[in-house]
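Asks: One file: work.tsv (TSV, C-alpha atoms).
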chain	number	residue	atom	x	y	z
V	14	MET	CA	28.58	15.53	20.78
V	15	LYS	CA	25.58	13.18	20.91
V	16	ILE	CA	22.78	13.75	18.42
V	17	ALA	CA	19.32	12.17	18.10
V	18	GLU	CA	17.16	12.78	15.01
V	19	ILE	CA	13.47	11.91	14.64
V	20	ASN	CA	11.41	11.77	11.44
V	21	THR	CA	8.23	10.04	10.36
V	22	VAL	CA	10.09	7.76	7.93
V	23	HIS	CA	13.66	6.83	7.04
V	24	TYR	CA	13.08	7.06	3.27
V	25	GLY	CA	11.84	9.71	0.84
V	26	SER	CA	13.20	13.24	0.82
V	27	THR	CA	12.91	13.98	4.56
V	28	GLY	CA	14.16	10.53	5.55
V	29	LYS	CA	17.23	10.84	3.33
V	30	ILE	CA	17.97	14.29	4.72
V	31	MET	CA	17.83	12.94	8.29
V	32	LEU	CA	20.13	10.01	7.50
V	33	GLN	CA	22.61	12.10	5.49
V	34	ILE	CA	22.97	14.65	8.27
V	35	ALA	CA	23.60	11.81	10.73
V	36	ASP	CA	26.17	10.22	8.39
V	37	LEU	CA	28.05	13.50	8.10
V	38	ALA	CA	27.97	14.00	11.87
V	39	ARG	CA	29.50	10.54	12.41
V	40	GLU	CA	32.17	11.27	9.80
V	41	GLN	CA	33.14	14.27	11.91
V	42	GLY	CA	33.43	12.13	15.03
V	43	HIS	CA	30.05	12.70	16.62
V	44	GLU	CA	27.62	10.09	17.92
V	45	ALA	CA	24.40	10.23	15.88
V	46	HIS	CA	21.23	8.18	16.29
V	47	THR	CA	18.17	8.29	14.05
V	48	PHE	CA	14.57	7.23	14.72
V	49	SER	CA	11.43	6.71	12.65
V	50	ARG	CA	8.04	5.06	13.03
V	51	ALA	CA	7.60	1.31	12.98
V	52	TRP	CA	5.65	0.15	9.95
V	53	LYS	CA	5.39	-3.04	7.93
V	54	ARG	CA	8.16	-4.66	5.89
V	55	GLN	CA	10.93	-2.28	6.92
V	56	THR	CA	14.67	-2.84	6.89
V	57	LEU	CA	16.99	-0.89	9.14
V	58	PRO	CA	18.98	1.60	7.05
V	59	SER	CA	21.94	1.41	9.44
V	60	GLN	CA	23.02	0.06	12.81
V	61	TYR	CA	22.47	3.54	14.24
V	62	HIS	CA	18.78	3.64	13.34
V	63	SER	CA	15.82	2.48	15.44
V	64	PHE	CA	12.14	2.04	14.67
V	65	PHE	CA	9.80	2.82	17.53
V	66	GLY	CA	6.19	1.93	18.22
V	67	SER	CA	4.58	-0.90	16.29
V	68	TYR	CA	2.65	-1.40	13.07
V	69	LEU	CA	-0.44	-2.26	15.13
V	70	GLU	CA	-0.21	0.75	17.45
V	71	ASN	CA	0.51	3.23	14.67
V	72	GLY	CA	-2.19	1.68	12.51
V	73	LEU	CA	-4.70	2.20	15.33
V	74	HIS	CA	-3.49	5.78	15.68
V	75	ARG	CA	-4.13	6.38	11.98
V	76	PHE	CA	-7.58	4.77	12.27
V	77	ILE	CA	-8.79	6.44	15.49
V	78	ALA	CA	-7.42	10.00	15.10
V	79	PRO	CA	-9.67	10.96	12.14
V	80	ILE	CA	-12.71	9.79	14.14
V	81	THR	CA	-11.86	11.62	17.36
V	82	GLY	CA	-10.04	14.61	15.87
V	83	LYS	CA	-7.16	13.98	18.27
V	84	GLU	CA	-4.19	13.85	15.93
V	85	GLY	CA	-1.00	13.15	17.85
V	86	PHE	CA	-2.71	11.90	21.03
V	87	TYR	CA	-2.14	8.16	20.52
V	88	SER	CA	0.89	5.82	20.10
V	89	LYS	CA	1.65	6.21	23.80
V	90	HIS	CA	3.57	2.96	24.29
V	91	GLY	CA	5.89	3.56	21.35
V	92	THR	CA	6.51	7.16	22.38
V	93	LYS	CA	7.36	6.10	25.94
V	94	ARG	CA	9.88	3.61	24.56
V	95	LEU	CA	11.37	6.35	22.38
V	96	ILE	CA	11.69	8.66	25.38
V	97	ARG	CA	13.36	5.91	27.44
V	98	LYS	CA	15.87	5.43	24.61
V	99	LEU	CA	16.51	9.16	24.40
V	100	LYS	CA	17.12	9.32	28.14
V	101	GLU	CA	19.65	6.48	27.79
V	102	ILE	CA	21.47	8.34	25.02
V	103	ASP	CA	21.27	11.68	26.88
V	104	PRO	CA	21.74	13.65	23.65
V	105	ASP	CA	23.28	17.10	23.42
V	106	VAL	CA	21.01	17.78	20.47
V	107	ILE	CA	17.54	16.52	19.60
V	108	HIS	CA	16.80	17.21	15.96
V	109	LEU	CA	13.14	16.97	14.98
V	110	HIS	CA	12.05	16.66	11.36
V	111	ASN	CA	8.46	15.66	10.46
V	112	ILE	CA	6.51	14.65	13.55
V	113	HIS	CA	3.10	14.36	11.89
V	114	GLY	CA	1.94	11.07	10.42
V	115	PHE	CA	-0.01	9.32	13.20
V	116	TYR	CA	2.97	7.69	14.89
V	117	ILE	CA	3.94	9.72	17.92
V	118	ASN	CA	2.24	11.04	21.06
V	119	LEU	CA	2.91	14.75	20.96
V	120	PRO	CA	1.94	15.67	24.55
V	121	LEU	CA	4.36	13.03	25.88
V	122	LEU	CA	7.16	13.92	23.46
V	123	PHE	CA	7.03	17.64	24.19
V	124	GLU	CA	6.72	17.14	27.93
V	125	TYR	CA	10.03	15.30	27.70
V	126	ILE	CA	11.56	17.87	25.33
V	127	LYS	CA	10.70	20.74	27.68
V	128	SER	CA	12.42	18.94	30.55
V	129	SER	CA	15.47	17.95	28.52
V	130	ARG	CA	18.82	19.67	28.76
V	131	ALA	CA	19.38	19.15	25.03
V	132	LYS	CA	19.42	21.84	22.39
V	133	ILE	CA	16.36	21.36	20.18
V	134	VAL	CA	16.68	21.84	16.43
V	135	TRP	CA	13.45	21.50	14.46
V	136	THR	CA	13.61	21.38	10.68
V	137	MET	CA	10.19	22.26	9.32
V	138	HIS	CA	9.82	20.61	5.94
V	139	ASP	CA	6.26	21.96	5.62
V	140	CYS	CA	3.79	24.22	7.43
V	141	TRP	CA	2.03	21.68	9.65
V	142	ALA	CA	3.62	22.82	12.92
V	143	PHE	CA	1.91	26.21	12.96
V	144	THR	CA	-1.46	25.49	11.31
V	145	GLY	CA	-4.53	23.92	12.84
V	146	HIS	CA	-4.43	21.09	10.35
V	147	CYS	CA	-2.74	21.33	6.96
V	148	PRO	CA	0.90	21.00	5.87
V	149	TYR	CA	0.22	23.44	2.99
V	150	PHE	CA	-2.29	26.22	2.46
V	151	ASP	CA	-1.33	27.91	-0.82
V	152	ILE	CA	-3.89	26.22	-3.07
V	153	VAL	CA	-6.82	27.27	-0.86
V	154	GLU	CA	-5.20	30.67	-0.18
V	155	CYS	CA	-5.86	30.44	3.55
V	156	ASP	CA	-4.09	32.59	6.13
V	157	LYS	CA	-6.23	31.90	9.20
V	158	TRP	CA	-3.22	30.19	10.78
V	159	LYS	CA	-1.69	33.62	11.40
V	160	ALA	CA	-4.26	34.21	14.15
V	161	GLU	CA	-6.67	31.33	14.79
V	162	CYS	CA	-7.65	28.39	12.64
V	163	PHE	CA	-11.35	27.59	12.12
V	164	ASP	CA	-13.66	26.48	9.29
V	165	CYS	CA	-10.77	24.56	7.74
V	166	PRO	CA	-11.28	24.02	3.99
V	167	GLN	CA	-8.91	21.03	4.02
V	168	TYR	CA	-9.84	19.12	7.18
V	169	ASN	CA	-10.63	15.98	5.15
V	170	LYS	CA	-7.19	15.98	3.52
V	171	TYR	CA	-3.90	14.81	5.04
V	172	PRO	CA	-3.70	14.45	7.97
V	173	VAL	CA	-7.27	13.29	7.40
V	174	CYS	CA	-10.00	14.10	9.92
V	175	ASN	CA	-13.71	13.33	9.66
V	176	PHE	CA	-14.67	16.79	10.93
V	177	ASP	CA	-13.17	20.23	11.32
V	178	ASN	CA	-10.84	20.02	14.32
V	179	SER	CA	-8.58	22.87	13.23
V	180	LYS	CA	-9.42	25.32	16.02
V	181	GLN	CA	-8.69	22.83	18.80
V	182	MET	CA	-5.56	21.47	17.09
V	183	HIS	CA	-4.23	25.00	16.64
V	184	GLU	CA	-4.63	25.56	20.38
V	185	ASN	CA	-3.07	22.16	21.14
V	186	LYS	CA	-0.02	22.97	19.04
V	187	LYS	CA	0.44	26.29	20.82
V	188	GLU	CA	0.38	24.45	24.14
V	189	TRP	CA	2.83	21.78	22.95
V	190	PHE	CA	5.26	23.85	20.90
V	191	LEU	CA	5.54	27.10	22.89
V	192	GLY	CA	7.73	27.38	25.95
V	193	ILE	CA	10.61	25.20	24.69
V	194	LYS	CA	13.91	26.45	25.95
V	195	ASN	CA	16.83	26.52	23.55
V	196	LEU	CA	14.83	25.76	20.39
V	197	THR	CA	16.04	26.78	16.93
V	198	ILE	CA	13.76	26.35	13.94
V	199	VAL	CA	15.32	25.55	10.57
V	200	THR	CA	13.53	26.01	7.26
V	201	PRO	CA	14.78	25.03	3.79
V	202	SER	CA	13.62	28.29	2.19
V	203	GLU	CA	13.21	31.98	2.89
V	204	TRP	CA	9.55	31.61	1.97
V	205	LEU	CA	8.90	29.11	4.77
V	206	ALA	CA	10.99	31.16	7.20
V	207	SER	CA	8.75	34.17	6.54
V	208	ALA	CA	5.67	32.01	7.20
V	209	VAL	CA	7.10	30.80	10.52
V	210	LYS	CA	7.77	34.40	11.52
V	211	ALA	CA	4.14	35.24	10.82
V	212	SER	CA	2.88	32.38	13.01
V	213	PHE	CA	2.63	31.75	16.75
V	214	LEU	CA	6.21	30.41	16.55
V	215	LYS	CA	7.54	33.86	15.63
V	216	ASP	CA	9.56	34.37	18.82
V	217	TYR	CA	11.88	31.43	18.17
V	218	PRO	CA	15.09	31.99	16.18
V	219	VAL	CA	14.76	30.81	12.57
V	220	VAL	CA	17.69	29.70	10.43
V	221	VAL	CA	17.45	28.97	6.69
V	222	ILE	CA	19.42	25.92	5.53
V	223	PRO	CA	18.36	24.75	2.06
V	224	ASP	CA	18.14	21.01	1.53
V	225	GLY	CA	21.09	19.50	-0.29
V	226	ILE	CA	21.65	16.91	-2.99
V	227	ASP	CA	24.46	14.48	-3.75
V	228	LEU	CA	26.41	16.01	-6.63
V	229	GLU	CA	28.32	12.75	-7.07
V	230	VAL	CA	25.01	11.17	-8.12
V	231	PHE	CA	23.13	14.05	-9.70
V	232	LYS	CA	25.39	15.09	-12.55
V	233	PRO	CA	25.21	14.94	-16.36
V	234	THR	CA	24.74	11.21	-17.01
V	235	GLU	CA	24.66	9.70	-20.47
V	236	SER	CA	22.11	7.01	-21.27
V	237	ARG	CA	20.22	5.37	-24.11
V	238	LEU	CA	16.83	6.38	-22.76
V	239	ARG	CA	15.91	8.45	-25.80
V	240	GLN	CA	16.55	5.45	-28.02
V	241	GLU	CA	14.66	3.13	-25.68
V	242	TYR	CA	11.57	5.34	-25.78
V	243	GLY	CA	11.91	6.22	-29.47
V	244	ILE	CA	12.18	9.95	-28.87
V	245	GLU	CA	15.67	10.66	-30.27
V	246	ASN	CA	14.56	13.64	-32.33
V	247	LYS	CA	12.05	15.20	-29.94
V	248	HIS	CA	12.19	18.00	-27.39
V	249	VAL	CA	11.81	16.21	-24.07
V	250	VAL	CA	9.77	17.99	-21.39
V	251	LEU	CA	10.29	16.25	-18.04
V	252	GLY	CA	8.29	16.31	-14.82
V	253	VAL	CA	9.19	14.44	-11.61
V	254	ALA	CA	7.03	14.19	-8.49
V	255	PHE	CA	5.89	11.86	-5.76
V	256	GLY	CA	2.10	11.92	-5.52
V	257	TRP	CA	0.96	13.48	-8.77
V	258	GLY	CA	-2.22	15.56	-8.50
V	259	GLU	CA	-3.42	19.15	-8.47
V	260	ARG	CA	-0.78	20.18	-5.94
V	261	LYS	CA	2.04	18.98	-8.19
V	262	GLY	CA	0.41	20.33	-11.35
V	263	LEU	CA	-0.62	17.15	-13.13
V	264	ASP	CA	-3.44	19.03	-14.85
V	265	VAL	CA	-0.87	21.46	-16.27
V	266	PHE	CA	0.96	18.65	-18.04
V	267	VAL	CA	-2.34	17.30	-19.38
V	268	GLU	CA	-3.11	20.72	-20.84
V	269	LEU	CA	0.42	21.09	-22.22
V	270	SER	CA	0.08	17.74	-23.97
V	271	LYS	CA	-2.85	19.21	-25.91
V	272	ARG	CA	-0.90	22.32	-26.87
V	273	LEU	CA	2.58	21.04	-27.76
V	274	ASP	CA	2.95	19.52	-31.21
V	275	SER	CA	4.49	16.18	-32.10
V	276	SER	CA	8.03	17.55	-31.94
V	277	TYR	CA	7.67	17.60	-28.14
V	278	GLN	CA	7.50	14.65	-25.76
V	279	ILE	CA	6.27	14.95	-22.18
V	280	VAL	CA	7.78	12.40	-19.77
V	281	LEU	CA	6.42	12.16	-16.22
V	282	VAL	CA	8.21	10.22	-13.48
V	283	GLY	CA	6.59	9.01	-10.26
V	284	VAL	CA	3.24	8.15	-11.81
V	285	SER	CA	1.03	5.59	-10.08
V	286	LYS	CA	-0.90	2.98	-12.05
V	287	ALA	CA	-4.20	4.75	-11.38
V	288	VAL	CA	-2.87	8.13	-12.55
V	289	LYS	CA	-1.26	6.56	-15.63
V	290	GLU	CA	-4.58	5.12	-16.75
V	291	ALA	CA	-6.15	8.59	-16.68
V	292	LEU	CA	-3.40	10.34	-18.68
V	293	PRO	CA	-3.58	11.13	-22.41
V	294	GLU	CA	-1.84	8.53	-24.59
V	295	GLY	CA	0.86	10.93	-25.77
V	296	ILE	CA	2.46	11.28	-22.31
V	297	ILE	CA	5.16	8.79	-21.33
V	298	ALA	CA	4.35	7.92	-17.70
V	299	LEU	CA	6.99	6.15	-15.62
V	300	PRO	CA	6.73	4.81	-12.06
V	301	LEU	CA	8.76	6.26	-9.22
V	302	THR	CA	12.32	5.03	-9.52
V	303	HIS	CA	14.39	4.23	-6.45
V	304	SER	CA	17.57	4.38	-8.54
V	305	GLN	CA	19.12	7.83	-8.27
V	306	LYS	CA	21.41	7.02	-11.20
V	307	GLU	CA	18.38	6.29	-13.38
V	308	LEU	CA	16.80	9.53	-12.20
V	309	ALA	CA	19.98	11.42	-13.14
V	310	GLU	CA	19.80	9.82	-16.60
V	311	LEU	CA	16.21	11.03	-16.98
V	312	TYR	CA	17.08	14.57	-15.90
V	313	THR	CA	20.03	14.63	-18.32
V	314	MET	CA	17.91	13.31	-21.18
V	315	ALA	CA	15.45	16.21	-20.91
V	316	ASP	CA	15.67	19.51	-22.77
V	317	VAL	CA	13.74	21.25	-20.01
V	318	PHE	CA	12.49	20.32	-16.55
V	319	VAL	CA	9.02	21.68	-15.79
V	320	ASN	CA	7.79	21.96	-12.21
V	321	PRO	CA	4.23	23.38	-12.12
V	322	THR	CA	3.94	22.83	-8.36
V	323	ARG	CA	1.33	24.94	-6.60
V	324	GLU	CA	2.63	24.33	-3.07
V	325	GLU	CA	6.29	23.79	-2.26
V	326	THR	CA	8.65	24.59	0.59
V	327	LEU	CA	11.74	24.37	-1.65
V	328	GLY	CA	11.55	21.92	-4.57
V	329	LEU	CA	14.70	19.80	-4.62
V	330	VAL	CA	13.68	18.25	-7.94
V	331	ASN	CA	14.55	21.63	-9.46
V	332	VAL	CA	18.07	21.37	-8.09
V	333	GLU	CA	18.46	17.74	-9.16
V	334	ALA	CA	17.58	18.73	-12.72
V	335	LEU	CA	20.01	21.65	-12.68
V	336	ALA	CA	22.77	19.39	-11.35
V	337	CYS	CA	22.27	17.24	-14.45
V	338	GLY	CA	22.63	20.30	-16.68
V	339	THR	CA	18.92	20.78	-17.46
V	340	PRO	CA	17.22	24.21	-17.19
V	341	VAL	CA	14.06	24.59	-15.11
V	342	ILE	CA	10.68	26.28	-15.43
V	343	THR	CA	8.58	26.56	-12.28
V	344	PHE	CA	5.58	28.42	-10.94
V	345	ASN	CA	6.14	31.37	-8.61
V	346	THR	CA	4.94	29.60	-5.51
V	347	GLY	CA	6.45	28.76	-2.13
V	348	GLY	CA	10.21	28.24	-2.10
V	349	SER	CA	10.42	26.77	-5.59
V	350	PRO	CA	11.72	29.99	-7.24
V	351	GLU	CA	14.59	30.12	-4.73
V	352	CYS	CA	16.21	27.13	-6.42
V	353	ILE	CA	16.91	28.84	-9.73
V	354	SER	CA	18.38	32.06	-11.12
V	355	ASP	CA	17.97	34.01	-14.34
V	356	SER	CA	20.99	32.12	-15.73
V	357	CYS	CA	19.45	28.66	-15.57
V	358	GLY	CA	15.68	28.85	-15.62
V	359	VAL	CA	12.42	30.76	-15.63
V	360	VAL	CA	9.78	31.51	-13.01
V	361	VAL	CA	6.24	32.09	-14.29
V	362	GLU	CA	3.24	33.16	-12.29
V	363	LYS	CA	1.21	30.36	-10.76
V	364	ASN	CA	-1.33	28.81	-13.14
V	365	ASP	CA	-0.09	30.83	-16.15
V	366	ILE	CA	-0.03	27.91	-18.57
V	367	ASP	CA	0.19	30.22	-21.59
V	368	LYS	CA	3.48	31.64	-20.32
V	369	MET	CA	4.74	28.20	-19.36
V	370	GLU	CA	4.02	26.87	-22.86
V	371	LYS	CA	5.81	29.86	-24.40
V	372	GLU	CA	8.88	29.36	-22.20
V	373	ILE	CA	9.05	25.63	-22.93
V	374	LYS	CA	9.17	26.37	-26.65
V	375	ARG	CA	11.73	29.14	-26.20
V	376	ILE	CA	14.07	27.02	-24.09
V	377	CYS	CA	13.81	24.01	-26.37
V	378	THR	CA	14.40	25.96	-29.60
V	379	ASP	CA	16.60	28.92	-28.63
V	380	LYS	CA	18.72	27.11	-25.96
V	381	PRO	CA	19.20	30.29	-23.86
V	382	PHE	CA	20.71	28.42	-20.88
V	383	THR	CA	24.00	26.55	-20.92
V	384	GLN	CA	24.77	23.33	-19.11
V	385	SER	CA	27.57	25.07	-17.19
V	386	SER	CA	25.23	27.77	-15.86
V	387	CYS	CA	22.85	25.09	-14.59
V	388	LEU	CA	25.69	23.21	-12.90
V	389	GLU	CA	26.99	26.39	-11.32
V	390	GLN	CA	23.61	27.03	-9.69
V	391	ALA	CA	23.34	23.46	-8.42
V	392	VAL	CA	26.72	23.66	-6.64
V	393	GLN	CA	25.09	25.95	-4.08
V	394	PHE	CA	23.00	22.96	-2.90
V	395	ASN	CA	25.85	20.49	-2.34
V	396	LYS	CA	24.58	18.31	0.50
V	397	ASN	CA	27.97	18.11	2.18
V	398	GLU	CA	28.18	21.88	2.44
V	399	LYS	CA	24.52	22.35	3.41
V	400	TYR	CA	24.55	19.70	6.09
V	401	LYS	CA	27.79	21.03	7.56
V	402	GLU	CA	25.68	24.03	8.52
V	403	TYR	CA	23.58	21.70	10.69
V	404	ILE	CA	26.69	20.36	12.42
V	405	GLU	CA	27.79	23.94	13.08
V	406	LEU	CA	24.33	24.69	14.48
V	407	TYR	CA	24.54	21.63	16.71
V	408	GLY	CA	27.89	22.87	18.02
V	409	LYS	CA	26.20	25.83	19.60
V	410	ALA	CA	24.29	23.54	21.96
V	411	ASN	CA	24.38	24.46	25.62
V	412	ARG	CA	24.97	21.82	28.25
Translate this structure into structure tokens?
Replies:
Amino acid sequence: MKIAEINTVHYGSTGKIMLQIADLAREQGHEAHTFSRAWKRQTLPSQYHSFFGSYLENGLHRFIAPITGKEGFYSKHGTKRLIRKLKEIDPDVIHLHNIHGFYINLPLLFEYIKSSRAKIVWTMHDCWAFTGHCPYFDIVECDKWKAECFDCPQYNKYPVCNFDNSKQMHENKKEWFLGIKNLTIVTPSEWLASAVKASFLKDYPVVVIPDGIDLEVFKPTESRLRQEYGIENKHVVLGVAFGWGERKGLDVFVELSKRLDSSYQIVLVGVSKAVKEALPEGIIALPLTHSQKELAELYTMADVFVNPTREETLGLVNVEALACGTPVITFNTGGSPECISDSCGVVVEKNDIDKMEKEIKRICTDKPFTQSSCLEQAVQFNKNEKYKEYIELYGKANR
């Protein structure tokens, strides 16, 4: 079986998922190719990966689209080269991941997809495919996407536009994404699956396959981090995110730092220099680490992992923490609650900081959750088992 996967990037959570699925497919004897946008200072992750387009072309796409409101209408040359490569491969399966990000010409891509004999699998890592603009809509509590997008409250946020183009983009997406034969949509959570079924994509089959993690990496890992930071005798409250802000609940940690006494230490990972400068002095702010072993050490060091996300399709950081034996507290939003059970964590209502503070103190002092119960929950997200489900899905492809 020949497989071709496409994602905006080859790194980060969605990039790793794409590459790991391809690796597993090759281990099982299949031919798997992966593709992502061309950008600056990139190194090929494997001999089976290709960058398409160019830094110049994609940069122009990113510059022009917000002005014209035509997201996904540029990068023609790169998209044509991608299509030529796909025709050469003649894949049995085309697996789409994120296709937003100003790097691909969507009319051209979907014209080819609709003419292809391949089975199309589309993993939706967010909500962008069925809204007129945004990847997430929970914070603004918008449900216009269920019928027709207009008066978008987030048009000036990613993917940035200088004016409200949501109504036209919603119509464009219907034109592009409807009428695909043999398409299966995959979501990482039941929450996102229910959203897809409430959208204009509702007539396509939807399969839920949670994202997976590497349990050989994310496991209880001893370190001297507590000694290094001088917090040996403190209750460590950990938060990990890429792109800290309101969506990830940065303000919640700021408020918690005012409420928790000196026996507690908040540690945030993935903090940019600008965000660090704005944080209270008592918070230990660390940059994003590219070492998964170091991340496992940080998860293991913590007494509790707190994820006050306000928009989330699944929340793999929850699972990574559990795999290192650390219980989790998260807001009841999106797919985040689906990662944990009553035996390894707590779900509190969104924005209920009082309850979150109470649960942090209870978990740190009473120790109601065992390491073994956390590990048992994490086993359900073993990447090898989760991504086998993709290979099985691929196997249903029709010639």
Asks: Neighbours of segment 176-184 of chain V within 7 Å (only C-alpha atoms; same-chain residues fewer than 3 positions away dropped), as a PyMOL selection string?
Replies: chain V and resi 82+144-146+161-165+168+187-188
Asks: Using all atoms listed in the file, what table do you get, as a tab-separated table, when you list each residue of segment 241-360 of chain V with an atom no more than 12 Å from segment 127-142 of chain V, its nearest pair of atoms, and their distance in Å rounded to one decimal, rows by chain then rising number?
Replies:
residue	atom	partner	partner_atom	distance
V:Glu324	CA	V:Asp139	CA	9.7
V:Glu325	CA	V:Asp139	CA	8.1
V:Thr326	CA	V:Asp139	CA	6.2
V:Leu327	CA	V:His138	CA	8.7
V:Gly328	CA	V:His138	CA	10.7
V:Leu329	CA	V:His138	CA	11.7
V:Gly347	CA	V:Asp139	CA	10.3
V:Gly348	CA	V:Asp139	CA	10.7
Asks: Can you tell me how far atom CA of Arg97 of chain V sits from atom CA of Ser49 of chain V, in Å to one decimal?
Replies: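 Interatomic distance, atom CA of Arg97 of chain V to atom CA of Ser49 of chain V: 14.9 Å.
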Asks: With only C-alpha atoms as the basis for distance, which of V:Gln240, V:Thr21, V:Pro79, V:Asp224 is at the shortest distance from Tyr400 of chain V?
Replies: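 Using only C-alpha atoms, the shortest distance to Tyr400 of chain V belongs to V:Asp224.
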Asks: Compare V:Ala291, V:Ile226, V:Val106, V:Cys377 by their minimum atom-to-atom distance to Gln33 of chain V, counting all atoms listed in the file, and give me the closest one.
Replies: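 Among the listed residues, V:Ile226 lies closest to Gln33 of chain V.
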Asks: Residues within 12 Å of (-2.2, 22.3, -15.9), file coordinates, counting only C-alpha atoms: what are they? Give the list as number ranges by chain.
Replies: V: 257-272, 319-323, 344, 363-370
Asks: Can you tell me, as a PyMOL selection string, what residues are no more than 12 Å from Arg54 of chain V when counting only C-alpha atoms, ignoring any on the same chain fewer than 3 positions away?
Replies: chain V and resi 51+57+64+67-68
Asks: Write out as a PyMOL selection string the residues lying within 8 Å of Ser356 of chain V, counting all atoms listed in the file and excluding same-chain residues fewer than 5 positions away.
Replies: chain V and resi 382+386-387
Asks: Point out the residue among V:Val219, V:Ile152, V:Val230, V:Ala309 with the least atom-to-atom distance to Ser202 of chain V, counting only C-alpha atoms.
Replies: V:Val219
Asks: Nearest residue to Phe231 of chain V out of V:Gly66, V:Gly72, V:Gly42, V:Gly338, using only C-alpha atoms?
Replies: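 Ranking V:Gly66, V:Gly72, V:Gly42, V:Gly338 by distance to Phe231 of chain V, first place goes to V:Gly338.
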Asks: Find the spatial neighbours of Thr47 of chain V, counting only C-alpha atoms, within a cut-off of 8 Å - ignore same-chain residues fewer than 5 positions away - and output them as number ranges by chain.
Replies: V: 17-19, 31-32, 35, 61-63
Asks: Output segment 194-210 of chain V from the block with N, CA and C atoms, as a compact mmCIF listing (two decimals), in the first residue's frame?
Replies:
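Result file follows (selection-v8.txt):
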# COMPACT_ATOMS: atom_id res chain seq x y z
N LYS V 194 -15.28 11.83 -2.93
CA LYS V 194 -15.64 10.42 -2.82
C LYS V 194 -14.64 9.72 -1.91
N ASN V 195 -15.13 8.79 -1.15
CA ASN V 195 -14.27 7.93 -0.34
C ASN V 195 -13.43 8.72 0.67
N LEU V 196 -14.05 9.68 1.34
CA LEU V 196 -13.38 10.45 2.38
C LEU V 196 -13.82 9.98 3.76
N THR V 197 -12.86 9.75 4.64
CA THR V 197 -13.13 9.47 6.05
C THR V 197 -12.46 10.55 6.88
N ILE V 198 -13.21 11.15 7.78
CA ILE V 198 -12.67 12.15 8.68
C ILE V 198 -12.29 11.49 9.99
N VAL V 199 -11.12 11.83 10.50
CA VAL V 199 -10.66 11.31 11.79
C VAL V 199 -10.52 12.49 12.75
N THR V 200 -11.00 12.32 13.96
CA THR V 200 -10.80 13.32 15.00
C THR V 200 -10.13 12.66 16.20
N PRO V 201 -9.35 13.43 16.98
CA PRO V 201 -8.68 12.85 18.14
C PRO V 201 -9.57 12.76 19.38
N SER V 202 -10.78 13.31 19.32
CA SER V 202 -11.66 13.29 20.49
C SER V 202 -13.11 13.18 20.08
N GLU V 203 -13.91 12.68 21.02
CA GLU V 203 -15.35 12.61 20.79
C GLU V 203 -15.95 14.00 20.67
N TRP V 204 -15.37 14.95 21.42
CA TRP V 204 -15.85 16.32 21.38
C TRP V 204 -15.75 16.89 19.96
N LEU V 205 -14.59 16.72 19.32
CA LEU V 205 -14.42 17.25 17.97
C LEU V 205 -15.27 16.47 16.97
N ALA V 206 -15.43 15.17 17.19
CA ALA V 206 -16.30 14.38 16.31
C ALA V 206 -17.72 14.92 16.34
N SER V 207 -18.21 15.28 17.52
CA SER V 207 -19.58 15.81 17.63
C SER V 207 -19.69 17.16 16.92
N ALA V 208 -18.61 17.95 16.95
CA ALA V 208 -18.63 19.23 16.25
C ALA V 208 -18.68 19.02 14.73
N VAL V 209 -17.89 18.08 14.24
CA VAL V 209 -17.90 17.77 12.80
C VAL V 209 -19.30 17.35 12.37
N LYS V 210 -19.94 16.53 13.19
CA LYS V 210 -21.27 16.03 12.85
C LYS V 210 -22.34 17.12 12.91
